[in-house]
Amino acid sequence: MGLLAATLLVPGLVACNNASGDSPSPGASTDAGIPADPKAALVASTKGLAEGNFTFTITADSMTGKGTFHKPSNSAQMTMTVGDEDFTMDFDLIQIQPDTWVKVDLGDLFAGVPGMEAIKDKYQHLDAAKAKDAKNLDIFKEGTDPADAAGMFEGLAEVQKTGEGTYSGTFDLTSVKDSVAADEDMLKALGDQAKAIPFTAKLDAEGRLSELVMSVPAAGETKAQDIKIAYGDYGAATAVQKPPADQVIEASEQTYEMFK
């Protein structure tokens, strides 16, 4: 599931801590061999994400989340809380290939809806064959770059270095082909603004992306907001564990439909 997509689009399904862990603070680029060219430095900073061994957190106007990628064990986990004064949804997705489990708490919104009480506080185990069309339930489907930072940096409209390990600029959302946030409705709502989304980025002492903040303009019914993603524990994430057996049931048909 793309994080930008989750932040912008998950609320539409019902109408979806400090993150850097112990990673080093930004340091001297000359020691780390960080490219002098700002765009090249940012593109290179995503190599650690492609290796798939790190943790991250995300904060936005109506959402908080955190996650782990541990490619050595083919496991990943993402938890999110999305909502406002009228609605809150908690979401926990665990994937240990080839198995996937999802736990969704929709609060009081769907109280009394048939089938919802049975899944409350339970991890639903997904049938891989049934879930093949539910791309938002496959963490690894689009790689191990949760916000498609690599795609964003390849599509930079403009960028400048603002300090040691810090950068700012704009990126072209229409060029981020792997982000489900860049669907036709979202791009249409953003209009020309989609071609110049402001961002800031920080790199750690080894040139790895440690923080990305995107300032997404208002679009349709979604108000303007900053989306902050922080990355840490490069090479030191831990394998994700299966949920306890007594908390697992087989996924309901509503779950497959919800996340198509």
# chains A, B, ... in the order shown; residues from 1 in each chain; ligands from 1
call {"tool": "residues_around", "arguments": {"residues": "segment 219-227 of chain A", "least_positions_apart": "5", "cutoff": "7 Å", "atoms": "only C-alpha atoms", "output": "list in words"}}
result
Thr59, Ala60, Asp61, Ala189, Leu190, Val213 and Met214 of chain A
call {"tool": "closest_atom_pairs", "arguments": {"of": "segment 209-254 of chain A", "to": "segment 76-95 of chain A", "cutoff": "10 Å", "atoms": "only C-alpha atoms", "output": "tab-separated table"}}
result
residue	atom	partner	partner_atom	distance
A:Ala237	CA	A:Ala76	CA	10.0
A:Thr238	CA	A:Ala76	CA	9.5
A:Ala239	CA	A:Ala76	CA	7.6
A:Val240	CA	A:Ala76	CA	6.0
A:Gln241	CA	A:Ile94	CA	8.2
A:Lys242	CA	A:Ile94	CA	7.4
A:Pro243	CA	A:Ile94	CA	8.1
call {"tool": "write_last_selection", "arguments": {"atoms": "C-alpha atoms", "output": "PDB file, in the first residue's frame"}}
result
ATOM      1  CA  ALA A 237      14.946  -3.984  11.320  1.00  0.00           C
ATOM      2  CA  THR A 238      13.607  -7.159  12.931  1.00  0.00           C
ATOM      3  CA  ALA A 239      11.533  -9.896  11.318  1.00  0.00           C
ATOM      4  CA  VAL A 240       7.775  -9.466  11.686  1.00  0.00           C
ATOM      5  CA  GLN A 241       5.952 -12.132  13.709  1.00  0.00           C
ATOM      6  CA  LYS A 242       2.678 -13.902  12.901  1.00  0.00           C
ATOM      7  CA  PRO A 243      -0.355 -12.783  14.916  1.00  0.00           C
TER       8      PRO A 243
END
call {"tool": "atom_distance", "arguments": {"atom1": "atom CA of Thr255 of chain A", "atom2": "atom CA of Ser62 of chain A"}}
result
22.4 Å
call {"tool": "atom_distance", "arguments": {"atom1": "atom CA of Lys71 of chain A", "atom2": "atom CA of Lys132 of chain A"}}
result
20.4 Å
call {"tool": "residues_around", "arguments": {"residues": "Gly191 of chain A", "least_positions_apart": "4", "cutoff": "12 Å", "atoms": "only C-alpha atoms", "output": "PyMOL selection string"}}
result
chain A and resi 172-174+182+184-187+195-197+217-220
call {"tool": "select_by_dssp", "arguments": {"residues": "segment 147-252 of chain A", "states": "strand (DSSP E or B)", "output": "number ranges by chain"}}
result
A: 156-163, 166-171, 197-203, 209-216, 219, 222, 225-232, 248-250
call {"tool": "write_last_selection", "arguments": {"atoms": "N, CA and C atoms", "output": "short mmCIF file (atom, residue, chain, number, x, y, z; two decimals), in the first residue's frame"}}
result
data_model
loop_
_atom_site.label_atom_id
_atom_site.label_comp_id
_atom_site.auth_asym_id
_atom_site.auth_seq_id
_atom_site.Cartn_x
_atom_site.Cartn_y
_atom_site.Cartn_z
N LEU A 156 11.59 14.96 -10.13
CA LEU A 156 11.74 16.28 -9.53
C LEU A 156 11.57 17.38 -10.56
N ALA A 157 10.72 18.36 -10.22
CA ALA A 157 10.57 19.52 -11.09
C ALA A 157 11.70 20.51 -10.83
N GLU A 158 12.06 20.66 -9.56
CA GLU A 158 13.20 21.49 -9.19
C GLU A 158 13.63 21.12 -7.79
N VAL A 159 14.92 21.29 -7.51
CA VAL A 159 15.46 20.90 -6.20
C VAL A 159 16.71 21.72 -5.90
N GLN A 160 16.91 22.02 -4.63
CA GLN A 160 18.12 22.69 -4.20
C GLN A 160 18.55 22.15 -2.84
N LYS A 161 19.85 22.20 -2.61
CA LYS A 161 20.38 21.82 -1.31
C LYS A 161 20.26 23.02 -0.39
N THR A 162 19.67 22.83 0.79
CA THR A 162 19.44 23.95 1.71
C THR A 162 20.36 23.93 2.92
N GLY A 163 21.13 22.87 3.07
CA GLY A 163 22.03 22.75 4.21
C GLY A 163 22.72 21.40 4.14
N THR A 166 20.25 18.43 3.81
CA THR A 166 18.86 18.88 3.70
C THR A 166 18.60 19.46 2.31
N TYR A 167 17.38 19.20 1.81
CA TYR A 167 17.03 19.59 0.45
C TYR A 167 15.57 20.04 0.42
N SER A 168 15.24 20.84 -0.59
CA SER A 168 13.84 21.21 -0.81
C SER A 168 13.62 21.37 -2.31
N GLY A 169 12.35 21.36 -2.70
CA GLY A 169 12.02 21.52 -4.10
C GLY A 169 10.60 21.12 -4.37
N THR A 170 10.33 20.72 -5.60
CA THR A 170 9.00 20.24 -5.99
C THR A 170 9.17 18.99 -6.85
N PHE A 171 8.18 18.10 -6.78
CA PHE A 171 8.20 16.92 -7.64
C PHE A 171 6.91 16.84 -8.44
N ILE A 197 4.51 19.51 -6.61
CA ILE A 197 4.20 19.27 -5.20
C ILE A 197 5.44 19.62 -4.37
N PRO A 198 5.34 20.59 -3.44
CA PRO A 198 6.51 20.96 -2.64
C PRO A 198 6.93 19.84 -1.69
N PHE A 199 8.24 19.75 -1.44
CA PHE A 199 8.75 18.76 -0.50
C PHE A 199 10.03 19.26 0.16
N THR A 200 10.36 18.67 1.31
CA THR A 200 11.68 18.82 1.91
C THR A 200 12.17 17.41 2.23
N ALA A 201 13.49 17.24 2.25
CA ALA A 201 14.06 15.92 2.53
C ALA A 201 15.33 16.08 3.36
N LYS A 202 15.58 15.08 4.21
CA LYS A 202 16.81 15.03 5.00
C LYS A 202 17.48 13.68 4.77
N LEU A 203 18.80 13.70 4.69
CA LEU A 203 19.59 12.48 4.56
C LEU A 203 20.42 12.28 5.82
N LEU A 209 17.99 8.34 2.94
CA LEU A 209 16.82 9.17 3.23
C LEU A 209 16.36 8.93 4.67
N SER A 210 16.30 10.00 5.47
CA SER A 210 15.84 9.87 6.85
C SER A 210 14.51 10.57 7.08
N GLU A 211 14.18 11.55 6.24
CA GLU A 211 12.89 12.24 6.40
C GLU A 211 12.45 12.83 5.07
N LEU A 212 11.16 12.69 4.80
CA LEU A 212 10.55 13.25 3.60
C LEU A 212 9.24 13.91 4.01
N VAL A 213 9.09 15.19 3.70
CA VAL A 213 7.85 15.91 3.99
C VAL A 213 7.28 16.44 2.68
N MET A 214 6.07 16.02 2.37
CA MET A 214 5.39 16.47 1.16
C MET A 214 4.24 17.39 1.54
N SER A 215 4.16 18.55 0.91
CA SER A 215 3.09 19.51 1.17
C SER A 215 2.07 19.39 0.04
N VAL A 216 1.04 18.60 0.29
CA VAL A 216 0.06 18.29 -0.76
C VAL A 216 -1.06 19.34 -0.73
N ALA A 219 -7.30 19.16 -2.68
CA ALA A 219 -7.75 18.54 -3.92
C ALA A 219 -9.12 17.94 -3.69
N THR A 222 -10.39 16.76 -0.19
CA THR A 222 -9.23 16.60 0.68
C THR A 222 -8.54 17.94 0.86
N GLN A 225 -2.44 19.48 3.21
CA GLN A 225 -1.80 18.91 4.38
C GLN A 225 -0.35 18.57 4.10
N ASP A 226 0.43 18.52 5.18
CA ASP A 226 1.80 18.03 5.10
C ASP A 226 1.81 16.55 5.48
N ILE A 227 2.52 15.76 4.71
CA ILE A 227 2.69 14.33 4.99
C ILE A 227 4.16 14.11 5.29
N LYS A 228 4.46 13.69 6.51
CA LYS A 228 5.85 13.49 6.93
C LYS A 228 6.13 12.00 7.11
N ILE A 229 7.15 11.52 6.43
CA ILE A 229 7.58 10.13 6.55
C ILE A 229 9.03 10.13 7.03
N ALA A 230 9.31 9.41 8.09
CA ALA A 230 10.67 9.32 8.62
C ALA A 230 11.12 7.87 8.58
N TYR A 231 12.38 7.67 8.23
CA TYR A 231 12.93 6.33 8.01
C TYR A 231 14.11 6.11 8.95
N GLY A 232 14.26 4.88 9.43
CA GLY A 232 15.38 4.56 10.30
C GLY A 232 15.66 3.07 10.35
N VAL A 248 -6.80 -15.11 15.09
CA VAL A 248 -6.87 -15.21 13.63
C VAL A 248 -8.15 -15.90 13.18
N ILE A 249 -8.81 -15.31 12.18
CA ILE A 249 -9.94 -15.93 11.50
C ILE A 249 -9.69 -15.80 9.99
N GLU A 250 -10.46 -16.52 9.18
CA GLU A 250 -10.33 -16.35 7.74
C GLU A 250 -11.04 -15.07 7.31
#
call {"tool": "residues_around", "arguments": {"residues": "Phe54 of chain A", "least_positions_apart": "4", "cutoff": "10 Å", "atoms": "only C-alpha atoms", "output": "MDAnalysis selection string"}}
result
chainID A and resid 20:21 23 48:50 67:71 76 144 231:238
call {"tool": "write_last_selection", "arguments": {"atoms": "N, CA and C atoms", "output": "mmCIF file, in the first residue's frame"}}
result
data_model
loop_
_atom_site.group_PDB
_atom_site.id
_atom_site.type_symbol
_atom_site.label_atom_id
_atom_site.label_comp_id
_atom_site.auth_asym_id
_atom_site.auth_seq_id
_atom_site.Cartn_x
_atom_site.Cartn_y
_atom_site.Cartn_z
ATOM 1 N N SER A 20 12.945 7.991 13.020
ATOM 2 C CA SER A 20 14.245 7.625 12.549
ATOM 3 C C SER A 20 14.965 6.655 13.433
ATOM 4 N N GLY A 21 14.341 6.242 14.524
ATOM 5 C CA GLY A 21 14.943 5.233 15.374
ATOM 6 C C GLY A 21 16.318 5.657 15.799
ATOM 7 N N SER A 23 18.937 5.815 13.703
ATOM 8 C CA SER A 23 19.748 6.151 12.544
ATOM 9 C C SER A 23 20.517 7.430 12.809
ATOM 10 N N GLY A 48 18.759 2.430 0.028
ATOM 11 C CA GLY A 48 18.514 1.677 1.257
ATOM 12 C C GLY A 48 17.083 1.193 1.362
ATOM 13 N N LEU A 49 16.146 1.957 0.798
ATOM 14 C CA LEU A 49 14.748 1.528 0.797
ATOM 15 C C LEU A 49 14.578 0.305 -0.093
ATOM 16 N N ALA A 50 15.249 0.304 -1.230
ATOM 17 C CA ALA A 50 15.146 -0.824 -2.158
ATOM 18 C C ALA A 50 15.681 -2.110 -1.539
ATOM 19 N N GLY A 67 5.677 1.342 10.338
ATOM 20 C CA GLY A 67 5.828 0.077 9.641
ATOM 21 C C GLY A 67 7.247 -0.437 9.660
ATOM 22 N N THR A 68 7.378 -1.675 9.220
ATOM 23 C CA THR A 68 8.663 -2.365 9.138
ATOM 24 C C THR A 68 8.735 -3.138 7.835
ATOM 25 N N PHE A 69 9.864 -3.050 7.171
ATOM 26 C CA PHE A 69 10.178 -3.945 6.063
ATOM 27 C C PHE A 69 11.382 -4.783 6.471
ATOM 28 N N HIS A 70 11.274 -6.101 6.309
ATOM 29 C CA HIS A 70 12.399 -6.986 6.613
ATOM 30 C C HIS A 70 12.500 -8.011 5.493
ATOM 31 N N LYS A 71 13.128 -7.590 4.407
ATOM 32 C CA LYS A 71 13.214 -8.433 3.216
ATOM 33 C C LYS A 71 13.952 -9.749 3.462
ATOM 34 N N ALA A 76 6.792 -8.011 6.474
ATOM 35 C CA ALA A 76 6.558 -6.578 6.602
ATOM 36 C C ALA A 76 5.303 -6.366 7.430
ATOM 37 N N THR A 144 9.668 -2.158 -1.880
ATOM 38 C CA THR A 144 9.815 -1.846 -0.457
ATOM 39 C C THR A 144 10.077 -0.361 -0.230
ATOM 40 N N TYR A 231 12.376 7.671 8.229
ATOM 41 C CA TYR A 231 12.930 6.335 8.015
ATOM 42 C C TYR A 231 14.108 6.108 8.955
ATOM 43 N N GLY A 232 14.264 4.879 9.434
ATOM 44 C CA GLY A 232 15.384 4.562 10.301
ATOM 45 C C GLY A 232 15.662 3.073 10.354
ATOM 46 N N ASP A 233 16.580 2.693 11.231
ATOM 47 C CA ASP A 233 16.946 1.285 11.445
ATOM 48 C C ASP A 233 17.368 0.596 10.155
ATOM 49 N N TYR A 234 18.049 1.327 9.274
ATOM 50 C CA TYR A 234 18.516 0.717 8.025
ATOM 51 C C TYR A 234 19.427 -0.471 8.320
ATOM 52 N N GLY A 235 19.074 -1.622 7.755
ATOM 53 C CA GLY A 235 19.864 -2.825 7.948
ATOM 54 C C GLY A 235 19.699 -3.467 9.302
ATOM 55 N N ALA A 236 18.834 -2.896 10.147
ATOM 56 C CA ALA A 236 18.707 -3.391 11.521
ATOM 57 C C ALA A 236 17.266 -3.644 11.937
ATOM 58 N N ALA A 237 16.336 -3.664 10.977
ATOM 59 C CA ALA A 237 14.946 -3.984 11.320
ATOM 60 C C ALA A 237 14.855 -5.447 11.747
ATOM 61 N N THR A 238 13.789 -5.780 12.476
ATOM 62 C CA THR A 238 13.607 -7.159 12.931
ATOM 63 C C THR A 238 12.482 -7.827 12.152
#
call {"tool": "decode", "arguments": {"residues": "segment 187-211 of chain A", "atoms": "N, CA and C atoms", "output": "PDB file, in the first residue's frame"}}
result
ATOM      1  N   LEU A 187      -5.334  13.247  -9.742  1.00  0.00           N
ATOM      2  CA  LEU A 187      -4.601  14.153 -10.620  1.00  0.00           C
ATOM      3  C   LEU A 187      -5.526  15.219 -11.208  1.00  0.00           C
ATOM      4  N   LYS A 188      -6.755  14.828 -11.525  1.00  0.00           N
ATOM      5  CA  LYS A 188      -7.714  15.796 -12.063  1.00  0.00           C
ATOM      6  C   LYS A 188      -8.051  16.846 -11.016  1.00  0.00           C
ATOM      7  N   ALA A 189      -8.223  16.411  -9.761  1.00  0.00           N
ATOM      8  CA  ALA A 189      -8.551  17.347  -8.691  1.00  0.00           C
ATOM      9  C   ALA A 189      -7.395  18.314  -8.427  1.00  0.00           C
ATOM     10  N   LEU A 190      -6.174  17.809  -8.500  1.00  0.00           N
ATOM     11  CA  LEU A 190      -5.012  18.671  -8.270  1.00  0.00           C
ATOM     12  C   LEU A 190      -4.734  19.602  -9.442  1.00  0.00           C
ATOM     13  N   GLY A 191      -5.106  19.179 -10.644  1.00  0.00           N
ATOM     14  CA  GLY A 191      -4.846  20.004 -11.818  1.00  0.00           C
ATOM     15  C   GLY A 191      -3.360  20.238 -12.023  1.00  0.00           C
ATOM     16  N   ASP A 192      -3.008  21.480 -12.387  1.00  0.00           N
ATOM     17  CA  ASP A 192      -1.603  21.807 -12.639  1.00  0.00           C
ATOM     18  C   ASP A 192      -0.753  21.712 -11.377  1.00  0.00           C
ATOM     19  N   GLN A 193      -1.402  21.762 -10.210  1.00  0.00           N
ATOM     20  CA  GLN A 193      -0.645  21.659  -8.958  1.00  0.00           C
ATOM     21  C   GLN A 193       0.072  20.309  -8.838  1.00  0.00           C
ATOM     22  N   ALA A 194      -0.456  19.279  -9.507  1.00  0.00           N
ATOM     23  CA  ALA A 194       0.134  17.945  -9.413  1.00  0.00           C
ATOM     24  C   ALA A 194       1.549  17.907  -9.974  1.00  0.00           C
ATOM     25  N   LYS A 195       1.884  18.866 -10.833  1.00  0.00           N
ATOM     26  CA  LYS A 195       3.210  18.866 -11.453  1.00  0.00           C
ATOM     27  C   LYS A 195       4.264  19.570 -10.607  1.00  0.00           C
ATOM     28  N   ALA A 196       3.857  20.120  -9.470  1.00  0.00           N
ATOM     29  CA  ALA A 196       4.823  20.839  -8.627  1.00  0.00           C
ATOM     30  C   ALA A 196       4.422  20.723  -7.159  1.00  0.00           C
ATOM     31  N   ILE A 197       4.509  19.506  -6.609  1.00  0.00           N
ATOM     32  CA  ILE A 197       4.198  19.275  -5.199  1.00  0.00           C
ATOM     33  C   ILE A 197       5.438  19.622  -4.367  1.00  0.00           C
ATOM     34  N   PRO A 198       5.344  20.585  -3.442  1.00  0.00           N
ATOM     35  CA  PRO A 198       6.514  20.963  -2.640  1.00  0.00           C
ATOM     36  C   PRO A 198       6.933  19.841  -1.686  1.00  0.00           C
ATOM     37  N   PHE A 199       8.241  19.752  -1.439  1.00  0.00           N
ATOM     38  CA  PHE A 199       8.752  18.756  -0.502  1.00  0.00           C
ATOM     39  C   PHE A 199      10.031  19.265   0.155  1.00  0.00           C
ATOM     40  N   THR A 200      10.356  18.674   1.308  1.00  0.00           N
ATOM     41  CA  THR A 200      11.678  18.816   1.913  1.00  0.00           C
ATOM     42  C   THR A 200      12.171  17.414   2.234  1.00  0.00           C
ATOM     43  N   ALA A 201      13.486  17.236   2.249  1.00  0.00           N
ATOM     44  CA  ALA A 201      14.063  15.921   2.532  1.00  0.00           C
ATOM     45  C   ALA A 201      15.327  16.078   3.358  1.00  0.00           C
ATOM     46  N   LYS A 202      15.576  15.081   4.213  1.00  0.00           N
ATOM     47  CA  LYS A 202      16.805  15.027   5.000  1.00  0.00           C
ATOM     48  C   LYS A 202      17.483  13.678   4.769  1.00  0.00           C
ATOM     49  N   LEU A 203      18.804  13.701   4.691  1.00  0.00           N
ATOM     50  CA  LEU A 203      19.593  12.481   4.561  1.00  0.00           C
ATOM     51  C   LEU A 203      20.422  12.283   5.823  1.00  0.00           C
ATOM     52  N   ASP A 204      20.700  11.019   6.161  1.00  0.00           N
ATOM     53  CA  ASP A 204      21.561  10.762   7.307  1.00  0.00           C
ATOM     54  C   ASP A 204      23.027  10.863   6.887  1.00  0.00           C
ATOM     55  N   ALA A 205      23.927  10.587   7.809  1.00  0.00           N
ATOM     56  CA  ALA A 205      25.354  10.761   7.546  1.00  0.00           C
ATOM     57  C   ALA A 205      25.871   9.843   6.450  1.00  0.00           C
ATOM     58  N   GLU A 206      25.133   8.779   6.162  1.00  0.00           N
ATOM     59  CA  GLU A 206      25.545   7.851   5.108  1.00  0.00           C
ATOM     60  C   GLU A 206      24.806   8.103   3.799  1.00  0.00           C
ATOM     61  N   GLY A 207      24.084   9.212   3.747  1.00  0.00           N
ATOM     62  CA  GLY A 207      23.403   9.575   2.516  1.00  0.00           C
ATOM     63  C   GLY A 207      22.076   8.893   2.296  1.00  0.00           C
ATOM     64  N   ARG A 208      21.535   8.261   3.331  1.00  0.00           N
ATOM     65  CA  ARG A 208      20.247   7.564   3.203  1.00  0.00           C
ATOM     66  C   ARG A 208      19.109   8.496   3.598  1.00  0.00           C
ATOM     67  N   LEU A 209      17.985   8.336   2.939  1.00  0.00           N
ATOM     68  CA  LEU A 209      16.823   9.169   3.235  1.00  0.00           C
ATOM     69  C   LEU A 209      16.364   8.932   4.668  1.00  0.00           C
ATOM     70  N   SER A 210      16.301  10.003   5.466  1.00  0.00           N
ATOM     71  CA  SER A 210      15.839   9.870   6.847  1.00  0.00           C
ATOM     72  C   SER A 210      14.508  10.569   7.083  1.00  0.00           C
ATOM     73  N   GLU A 211      14.176  11.551   6.242  1.00  0.00           N
ATOM     74  CA  GLU A 211      12.894  12.243   6.404  1.00  0.00           C
ATOM     75  C   GLU A 211      12.446  12.827   5.074  1.00  0.00           C
TER      76      GLU A 211
END
